[in-house]
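Next comes upload_13.cif, with mmCIF, C-alpha atoms and all ligand atoms.
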```cif
data_upload
#
loop_
_atom_site.label_atom_id
_atom_site.label_comp_id
_atom_site.auth_asym_id
_atom_site.auth_seq_id
_atom_site.Cartn_x
_atom_site.Cartn_y
_atom_site.Cartn_z
CA MET C 320 -17.80 19.12 -1.93
CA SER C 321 -14.89 18.95 -4.31
CA SER C 322 -14.00 15.52 -5.68
CA ARG C 323 -10.51 16.13 -4.36
CA SER C 324 -11.28 16.52 -0.65
CA ILE C 325 -12.25 13.88 1.90
CA PRO C 326 -15.73 14.51 3.32
CA ASN C 327 -15.85 15.39 7.04
CA ILE C 328 -12.11 15.05 7.61
CA ASP C 329 -11.76 18.63 8.84
CA ARG C 330 -13.89 17.75 11.87
CA PHE C 331 -10.96 15.89 13.37
CA PRO C 332 -8.24 17.75 15.28
CA ARG C 333 -4.83 17.60 13.59
CA LEU C 334 -1.42 18.74 14.72
CA SER C 335 0.60 19.78 11.69
CA LEU C 336 3.84 17.76 11.51
CA LEU C 337 4.53 17.81 7.74
CA ASP C 338 5.86 20.60 5.56
CA GLY C 339 3.14 20.35 2.90
CA PRO C 340 2.70 17.68 0.21
CA THR C 341 5.55 15.22 -0.28
CA PRO C 342 6.93 15.05 -3.85
CA ILE C 343 5.90 12.54 -6.51
CA GLN C 344 8.84 11.73 -8.78
CA ARG C 345 9.28 9.57 -11.87
CA MET C 346 11.94 6.86 -11.39
CA ALA C 347 13.68 7.37 -14.71
CA GLY C 348 16.97 5.78 -13.60
CA LEU C 349 15.20 2.64 -12.44
CA GLU C 350 13.13 2.53 -15.65
CA ALA C 351 16.33 2.74 -17.72
CA HIS C 352 17.87 -0.06 -15.63
CA LEU C 353 14.83 -2.31 -16.09
CA GLY C 354 14.77 -1.63 -19.85
CA ALA C 355 12.64 -3.98 -21.94
CA SER C 356 11.55 -6.02 -18.89
CA LEU C 357 9.49 -2.97 -17.89
CA ARG C 358 7.18 -3.55 -20.91
CA GLY C 359 6.26 0.15 -21.15
CA VAL C 360 5.14 0.55 -17.50
CA ARG C 361 5.93 3.94 -15.93
CA LEU C 362 7.17 3.94 -12.35
CA PHE C 363 6.70 6.83 -9.91
CA VAL C 364 7.53 7.28 -6.24
CA LYS C 365 5.64 9.23 -3.57
CA ARG C 366 8.36 10.48 -1.24
CA ASP C 367 6.78 9.94 2.16
CA ASP C 368 10.29 9.43 3.46
CA HIS C 369 10.92 13.10 2.59
CA MET C 370 9.80 14.99 5.68
CA SER C 371 11.83 17.21 7.96
CA LEU C 372 10.73 15.98 11.40
CA GLY C 373 12.67 13.18 13.12
CA GLY C 374 13.95 11.63 9.89
CA GLY C 375 10.46 11.42 8.37
CA GLY C 376 8.26 8.51 7.30
CA ASN C 377 4.66 7.38 6.96
CA LYS C 378 3.98 7.41 10.69
CA LEU C 379 4.05 11.21 10.79
CA ARG C 380 0.82 11.38 8.77
CA LYS C 381 -0.96 9.18 11.33
CA LEU C 382 0.64 11.03 14.21
CA GLU C 383 -0.82 14.32 12.94
CA TYR C 384 -4.27 12.99 13.86
CA LEU C 385 -3.19 11.03 16.95
CA PHE C 386 -1.41 14.08 18.40
CA GLY C 387 -4.43 16.19 17.40
CA GLU C 388 -6.52 13.89 19.56
CA ALA C 389 -3.91 13.92 22.36
CA ALA C 390 -3.79 17.73 22.33
CA SER C 391 -7.59 17.97 22.39
CA GLU C 392 -7.48 15.80 25.55
CA LYS C 393 -4.82 18.18 26.94
CA ALA C 394 -2.32 15.35 27.28
CA ASP C 395 1.16 16.20 28.57
CA THR C 396 2.62 12.71 27.99
CA VAL C 397 2.37 10.26 25.09
CA ILE C 398 3.14 6.56 25.47
CA THR C 399 3.36 4.17 22.55
CA VAL C 400 4.47 0.61 21.81
CA GLY C 401 6.47 -1.20 19.13
CA GLY C 402 9.48 -3.40 18.49
CA LEU C 403 13.02 -2.25 19.31
CA GLN C 404 13.56 -0.84 15.80
CA SER C 405 10.05 0.64 15.44
CA ASN C 406 9.95 3.69 13.16
CA HIS C 407 6.59 4.58 14.69
CA ALA C 408 8.20 4.77 18.14
CA ARG C 409 11.02 7.01 16.86
CA LEU C 410 8.60 9.36 15.11
CA THR C 411 6.29 9.46 18.16
CA ALA C 412 9.32 10.64 20.17
CA ALA C 413 10.03 13.31 17.53
CA ALA C 414 6.40 14.46 17.38
CA ALA C 415 6.25 14.65 21.19
CA ALA C 416 9.39 16.80 21.19
CA ARG C 417 7.76 19.10 18.62
CA ALA C 418 4.49 19.22 20.61
CA GLY C 419 6.24 19.87 23.94
CA MET C 420 5.01 16.60 25.46
CA ALA C 421 6.92 13.91 27.35
CA CYS C 422 7.27 10.57 25.52
CA GLU C 423 7.64 7.03 26.84
CA LEU C 424 8.24 4.06 24.53
CA VAL C 425 7.42 0.50 25.56
CA LEU C 426 9.43 -1.68 23.19
CA GLY C 427 9.26 -5.44 22.71
CA ARG C 428 11.32 -7.95 20.77
CA PRO C 429 9.26 -9.37 17.88
CA VAL C 430 12.48 -10.05 15.91
CA PRO C 431 14.86 -12.75 17.22
CA ARG C 432 17.96 -10.52 17.43
CA ASP C 433 20.03 -9.32 20.37
CA ASP C 434 23.22 -8.07 18.68
CA VAL C 435 24.54 -4.61 19.39
CA ASP C 436 23.45 -3.06 16.04
CA TYR C 437 19.85 -4.14 16.64
CA GLU C 438 19.77 -3.23 20.32
CA ARG C 439 21.59 0.11 20.18
CA ASN C 440 21.86 1.54 16.66
CA GLY C 441 19.29 2.78 14.12
CA ASN C 442 15.97 3.81 15.65
CA MET C 443 17.14 2.90 19.17
CA LEU C 444 19.95 5.43 18.99
CA LEU C 445 17.55 8.10 17.72
CA ASN C 446 14.88 7.37 20.39
CA ASP C 447 17.45 8.16 23.02
CA ILE C 448 18.71 11.31 21.27
CA LEU C 449 15.08 12.48 20.92
CA GLY C 450 14.74 12.31 24.71
CA ALA C 451 12.17 9.51 25.03
CA THR C 452 12.04 7.38 28.19
CA LEU C 453 12.57 3.77 27.07
CA HIS C 454 11.13 0.60 28.60
CA THR C 455 12.54 -2.46 26.80
CA LEU C 456 10.80 -5.77 27.45
CA PRO C 457 11.75 -9.42 26.91
CA ALA C 458 10.50 -11.43 23.90
CA GLY C 459 6.83 -12.40 24.20
CA ALA C 460 5.90 -9.60 26.65
CA ASP C 461 2.60 -7.75 26.14
CA THR C 462 3.80 -4.24 25.33
CA MET C 463 0.31 -2.68 25.34
CA ALA C 464 -0.50 -4.12 28.80
CA VAL C 465 2.75 -2.62 30.14
CA ALA C 466 1.99 0.71 28.42
CA GLN C 467 -1.49 0.84 29.99
CA ALA C 468 -0.09 -0.02 33.43
CA ARG C 469 2.52 2.74 33.05
CA ALA C 470 -0.22 5.19 31.99
CA THR C 471 -2.21 4.32 35.14
CA GLU C 472 0.90 4.89 37.27
CA LEU C 473 1.60 8.29 35.69
CA ARG C 474 -2.07 9.37 35.88
CA ALA C 475 -2.01 8.60 39.62
CA LYS C 476 0.80 11.17 39.83
CA GLY C 477 -1.33 13.78 38.07
CA ARG C 478 0.01 13.42 34.51
CA ARG C 479 -2.36 13.55 31.53
CA VAL C 480 -1.41 10.54 29.43
CA TYR C 481 -2.38 9.62 25.85
CA VAL C 482 -1.62 6.05 24.76
CA ALA C 483 -1.02 5.69 21.01
CA PRO C 484 -1.61 2.26 19.43
CA LEU C 485 0.89 -0.07 17.71
CA GLY C 486 2.00 1.52 14.45
CA GLY C 487 -0.48 4.38 15.00
CA SER C 488 -3.03 2.14 13.28
CA THR C 489 -6.48 3.08 14.51
CA ALA C 490 -9.15 4.66 12.35
CA VAL C 491 -8.08 8.06 13.74
CA GLY C 492 -4.45 7.43 12.71
CA ALA C 493 -5.55 6.14 9.30
CA LEU C 494 -7.20 9.52 8.60
CA GLY C 495 -3.68 10.76 7.84
CA TYR C 496 -3.53 8.44 4.84
CA ALA C 497 -7.08 9.19 3.74
CA ARG C 498 -5.85 12.76 3.51
CA CYS C 499 -2.78 11.53 1.59
CA ALA C 500 -5.09 9.90 -1.00
CA ALA C 501 -6.52 13.36 -1.71
CA GLU C 502 -2.99 14.75 -1.95
CA ILE C 503 -2.09 12.07 -4.52
CA VAL C 504 -5.22 12.79 -6.60
CA GLN C 505 -4.42 16.52 -6.60
CA GLN C 506 -0.78 15.91 -7.55
CA ALA C 507 -1.80 13.51 -10.32
CA GLU C 508 -4.00 16.26 -11.78
CA ALA C 509 -1.16 18.77 -11.52
CA LEU C 510 1.11 16.29 -13.34
CA GLY C 511 -1.10 16.63 -16.41
CA GLY C 512 -3.96 14.33 -15.48
CA LEU C 513 -1.92 11.25 -14.69
CA ASP C 514 -4.01 8.25 -13.75
CA PHE C 515 -2.29 5.93 -11.29
CA THR C 516 -3.26 2.34 -12.08
CA LYS C 517 -1.94 1.16 -8.72
CA VAL C 518 -0.53 2.68 -5.56
CA VAL C 519 1.88 0.16 -4.03
CA LEU C 520 3.27 0.05 -0.50
CA ALA C 521 4.32 -2.01 2.53
CA ASN C 522 1.75 -3.28 5.03
CA GLY C 523 2.77 -3.64 8.69
CA SER C 524 -0.01 -2.70 11.11
CA SER C 525 -2.24 -1.94 8.06
CA GLY C 526 -3.13 1.69 8.81
CA THR C 527 -1.36 3.12 5.78
CA HIS C 528 -3.12 0.81 3.33
CA ALA C 529 -6.46 1.24 5.14
CA GLY C 530 -6.22 5.02 5.17
CA LEU C 531 -5.35 5.22 1.47
CA ALA C 532 -8.07 2.71 0.51
CA ALA C 533 -10.67 4.63 2.55
CA GLY C 534 -9.44 7.89 1.04
CA PHE C 535 -9.66 6.70 -2.56
CA ARG C 536 -13.13 5.26 -1.89
CA ALA C 537 -14.22 8.55 -0.30
CA LEU C 538 -13.05 10.34 -3.48
CA GLY C 539 -15.13 8.05 -5.68
CA ARG C 540 -12.22 5.87 -6.79
CA PRO C 541 -11.78 2.13 -6.20
CA ALA C 542 -10.33 1.10 -2.83
CA SER C 543 -8.48 -1.54 -4.86
CA THR C 544 -6.30 1.23 -6.33
CA VAL C 545 -4.08 0.27 -3.38
CA ARG C 546 -1.94 -2.88 -3.40
CA SER C 547 0.21 -3.71 -0.37
CA PHE C 548 2.78 -6.33 0.54
CA SER C 549 2.45 -7.67 4.07
CA THR C 550 5.58 -7.62 6.20
CA LEU C 551 4.18 -8.44 9.65
CA LEU C 552 1.13 -10.73 9.42
CA ALA C 553 0.55 -13.63 7.00
CA GLY C 554 -1.20 -12.40 3.84
CA GLU C 555 -4.78 -13.42 4.68
CA ASP C 556 -4.56 -12.06 8.23
CA ALA C 557 -3.14 -8.77 6.95
CA ARG C 558 -5.95 -8.56 4.39
CA GLY C 559 -8.59 -9.14 7.08
CA LYS C 560 -7.08 -6.52 9.35
CA THR C 561 -6.76 -4.03 6.49
CA ARG C 562 -10.38 -4.58 5.48
CA GLU C 563 -11.61 -4.03 9.05
CA LEU C 564 -9.55 -0.88 9.45
CA THR C 565 -10.62 0.49 6.06
CA ALA C 566 -14.27 -0.02 7.05
CA ALA C 567 -13.66 1.61 10.45
CA THR C 568 -12.01 4.61 8.78
CA LEU C 569 -14.91 5.05 6.35
CA ALA C 570 -17.38 4.74 9.25
CA LEU C 571 -15.44 7.34 11.25
CA LEU C 572 -15.82 9.69 8.27
CA GLY C 573 -19.56 8.98 8.24
CA LEU C 574 -19.36 7.20 4.87
CA ASP C 575 -20.68 3.89 3.55
CA ALA C 576 -18.28 1.24 4.91
CA THR C 577 -19.40 -1.71 2.77
CA LEU C 578 -16.39 -3.48 1.27
CA SER C 579 -16.00 -6.63 -0.76
CA ASP C 580 -13.02 -9.01 -0.80
CA ALA C 581 -11.90 -7.57 -4.13
CA ASP C 582 -11.59 -4.07 -2.61
CA ILE C 583 -8.60 -4.98 -0.45
CA GLU C 584 -5.50 -6.17 -2.28
CA VAL C 585 -2.78 -7.52 0.04
CA ASP C 586 -0.01 -9.81 -1.22
CA GLY C 587 1.60 -12.06 1.41
CA THR C 588 4.31 -13.59 -0.75
CA HIS C 589 7.17 -11.19 0.03
CA ARG C 590 7.22 -11.36 3.83
CA GLY C 591 9.72 -14.23 3.74
CA PRO C 592 10.30 -16.26 6.91
CA GLY C 593 8.88 -13.57 9.17
CA TYR C 594 8.69 -9.98 10.38
CA GLY C 595 12.07 -8.23 10.33
CA ILE C 596 13.85 -11.25 8.85
CA PRO C 597 15.73 -10.31 5.68
CA THR C 598 15.05 -11.89 2.29
CA ASP C 599 17.30 -11.95 -0.78
CA ALA C 600 14.64 -10.02 -2.73
CA MET C 601 14.64 -7.27 -0.06
CA ILE C 602 18.43 -6.93 -0.18
CA ASP C 603 18.33 -6.81 -3.98
CA ALA C 604 15.49 -4.22 -3.96
CA VAL C 605 17.27 -1.94 -1.46
CA LYS C 606 20.49 -2.04 -3.51
CA THR C 607 18.70 -1.63 -6.85
CA LEU C 608 16.80 1.51 -5.82
CA ALA C 609 19.88 2.96 -4.10
CA ARG C 610 22.04 2.39 -7.18
CA THR C 611 19.56 3.54 -9.84
CA GLU C 612 17.83 6.44 -8.03
CA GLY C 613 19.97 7.22 -4.95
CA LEU C 614 16.92 6.46 -2.76
CA LEU C 615 17.13 4.55 0.53
CA LEU C 616 14.45 1.97 1.28
CA ASP C 617 14.25 0.30 4.68
CA PRO C 618 15.02 -3.39 5.34
CA VAL C 619 11.81 -4.31 7.22
CA TYR C 620 8.94 -2.74 5.26
CA SER C 621 9.55 -0.83 2.05
CA GLY C 622 12.48 -3.05 0.96
CA LYS C 623 10.22 -6.11 0.94
CA ALA C 624 7.36 -4.21 -0.73
CA PHE C 625 9.66 -2.85 -3.40
CA GLY C 626 10.94 -6.39 -4.03
CA GLY C 627 7.28 -7.30 -4.58
CA LEU C 628 6.77 -4.44 -7.03
CA LEU C 629 9.87 -5.42 -9.03
CA ALA C 630 8.66 -9.05 -9.17
CA ASP C 631 5.18 -7.91 -10.31
CA VAL C 632 6.63 -5.74 -13.07
CA LYS C 633 8.90 -8.54 -14.31
CA ALA C 634 5.96 -10.98 -14.26
CA GLY C 635 3.98 -8.61 -16.51
CA ARG C 636 1.28 -7.77 -13.95
CA TYR C 637 0.88 -4.25 -15.38
CA ALA C 638 -0.02 -3.39 -18.96
CA ALA C 639 2.06 -1.13 -21.20
CA GLY C 640 1.37 2.52 -20.40
CA ALA C 641 0.25 1.82 -16.80
CA ASN C 642 1.41 4.38 -14.22
CA VAL C 643 2.40 2.72 -10.96
CA LEU C 644 3.09 4.77 -7.84
CA PHE C 645 5.24 3.30 -5.07
CA VAL C 646 4.84 4.97 -1.66
CA MET C 647 8.24 5.27 0.02
CA THR C 648 7.32 5.11 3.67
CA GLY C 649 10.68 5.97 5.28
CA GLY C 650 12.48 3.82 7.85
CA ALA C 651 16.02 4.24 6.48
CA PRO C 652 17.43 4.46 10.08
CA GLY C 653 16.64 0.72 10.25
CA LEU C 654 19.45 0.12 7.72
CA TYR C 655 21.99 0.81 10.49
CA ALA C 656 20.49 -2.00 12.56
CA TYR C 657 20.89 -4.35 9.54
CA ARG C 658 24.52 -3.46 8.83
CA ARG C 659 25.66 -7.08 8.76
CA VAL C 660 22.92 -8.09 6.32
CA PHE C 661 24.31 -5.64 3.77
CA ASN C 662 27.97 -6.28 4.73
CA PRO C 663 27.98 -9.98 5.64
CA ALA C 664 31.76 -10.28 5.36
CA GLU C 665 32.37 -7.71 8.09
CA GLU C 666 33.44 -9.04 11.50
CA GLU C 667 31.41 -8.18 14.61
CA GLU C 668 33.57 -5.85 16.71
C1 LIG J 701 9.01 2.45 7.17
C2 LIG J 701 7.66 1.83 7.30
N1 LIG J 701 7.01 1.51 6.17
C3 LIG J 701 5.79 0.94 6.21
C4 LIG J 701 5.18 0.64 7.42
C5 LIG J 701 3.85 -0.02 7.39
O1 LIG J 701 2.83 0.88 7.74
P1 LIG J 701 1.52 0.34 8.47
O2 LIG J 701 1.95 -0.06 9.86
O3 LIG J 701 0.60 1.49 8.48
O4 LIG J 701 1.02 -0.81 7.70
C6 LIG J 701 5.83 0.97 8.62
C7 LIG J 701 5.27 0.69 9.95
O5 LIG J 701 4.83 -0.31 10.35
C8 LIG J 701 7.10 1.59 8.56
O6 LIG J 701 7.77 1.92 9.67
#
```

Can I see the file as structure tokens?
Ligand SMILES: Cc1ncc(COP(=O)(O)O)c(C=O)c1O
Amino acid sequence: MSSRSIPNIDRFPRLSLLDGPTPIQRMAGLEAHLGASLRGVRLFVKRDDHMSLGGGGNKLRKLEYLFGEAASEKADTVITVGGLQSNHARLTAAAAARAGMACELVLGRPVPRDDVDYERNGNMLLNDILGATLHTLPAGADTMAVAQARATELRAKGRRVYVAPLGGSTAVGALGYARCAAEIVQQAEALGGLDFTKVVLANGSSGTHAGLAAGFRALGRPASTVRSFSTLLAGEDARGKTRELTAATLALLGLDATLSDADIEVDGTHRGPGYGIPTDAMIDAVKTLARTEGLLLDPVYSGKAFGGLLADVKAGRYAAGANVLFVMTGGAPGLYAYRRVFNPAEEEE
């Protein structure tokens, strides 16, 4: 076994949805902008927003394994759940189109918004263009219960239905990010033996953090290489969920799943008032990265996480010479649903 491959991962069926490794780039424009406040830290970005299918984003890595499982069950229809502006839902619709399967999306309202941008633009517009059948539910509805009931109804008509979980975050979905950990280690070697002190990202349903943490552990590196900022659950709840899912992913790979509290680093201080609710730090982070690097973060996940990274750097969390890698997880279509947050002076039409 090479130290750069995840043991046993090739036993799991995978439908290829990516175009090969996503780039790792140095953020030289951002570094120049931060100047002395950077204290000699080097900032890199893993471009997991840079994928050709359906606008790209982190969910495609999980969907490679979820669709692998669906195909091995000979499914002809995939159903998944999420909020109205779910990137996971949009990318499930895109992956289903690629795989030649029907897609149904059961979408709830976890964010208290009912304006036209939120209801119709961004991911909602794309779901429709991608040909998914949409079921939109009122606030507080149990999307997974409705998805299961719909699956039962379709199965009774002879369809073969696969139900994908919220955010694609099961141990099977997290395998996609265990594989990404190996990709990062290989790229770091190719970049002249770079050692990433931390890999920083947003935490929603926790599968991305869990997959990376399991992957680094499987490669003999600390699971605590990963640091995430929770955007959905309160910090402690997100940490508990991430720990459970990391252990489940390691167990699925047949590896030792013992984890300590220190292995799972989740920061809950950048979520703000709640999921999908903008913060000033998010708006500042989105504009800063756009104006220094030309890169588009999203307003719900990576914008808040990047705000956290900028705050950490300014607070001197990293030592001079540290290499910090931010994982850009996609979701830029969500910006269109947050038009008025970025242009508050504009009148609603
Ligand atoms: C753009 C984007 N970034 C980050 C995340 C967080 O990923 P995870 O749900 O695996 O924690 C999500 C999904 O929830 C997302 O859509």

Restricting the calculation to only C-alpha atoms and all ligand atoms: of C:Ala609, C:Val435, C:Leu628, C:Ala493, which residue gets closest to ligand LIG 701 (chain J)?
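The closest residue to ligand LIG 701 (chain J) is C:Ala493.
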
Grab me every residue within 7 Å of ligand LIG 701 (chain J), counting all atoms listed in the file, and send it over as a compact mmCIF listing (two decimals) with C-alpha atoms, keeping the file's coordinate frame.
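Wrote it out as selection_8.txt, contents follow:
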```txt
# COMPACT_ATOMS: atom_id res chain seq x y z
CA GLY C 376 8.26 8.51 7.30
CA ASN C 377 4.66 7.38 6.96
CA LYS C 378 3.98 7.41 10.69
CA SER C 405 10.05 0.64 15.44
CA ASN C 406 9.95 3.69 13.16
CA HIS C 407 6.59 4.58 14.69
CA GLY C 486 2.00 1.52 14.45
CA SER C 488 -3.03 2.14 13.28
CA ALA C 521 4.32 -2.01 2.53
CA ASN C 522 1.75 -3.28 5.03
CA GLY C 523 2.77 -3.64 8.69
CA SER C 524 -0.01 -2.70 11.11
CA SER C 525 -2.24 -1.94 8.06
CA GLY C 526 -3.13 1.69 8.81
CA THR C 527 -1.36 3.12 5.78
CA HIS C 528 -3.12 0.81 3.33
CA ASP C 617 14.25 0.30 4.68
CA TYR C 620 8.94 -2.74 5.26
CA SER C 621 9.55 -0.83 2.05
CA THR C 648 7.32 5.11 3.67
CA GLY C 649 10.68 5.97 5.28
CA GLY C 650 12.48 3.82 7.85
```

List the spatial neighbours of Ala600 of chain C as a ChimeraX atom specification - criterion: any atom at most 12 Å away, all atoms listed in the file, same-chain residues fewer than 5 positions off excluded.
/C:588-591,605-607,618-619,621-630

Just the number, please: distance in Å from atom CA of Tyr496 of chain C to atom CA of Thr462 of chain C, one decimal.
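A separation of 25.2 Å between them.
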
Counting all atoms listed in the file, find the residues whose atoms lie at most 12 Å from (9.0, 15.9, 18.3) (file coordinates) and write them out as a ChimeraX atom specification.
/C:334-337,371-375,379,382-383,386,397,408-422,445-446,448-451

Between atom CA of Asp338 of chain C and atom CA of Tyr384 of chain C, what is the distance, to one decimal in Å?
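Separation of atom CA of Asp338 of chain C and atom CA of Tyr384 of chain C: 15.1 Å.
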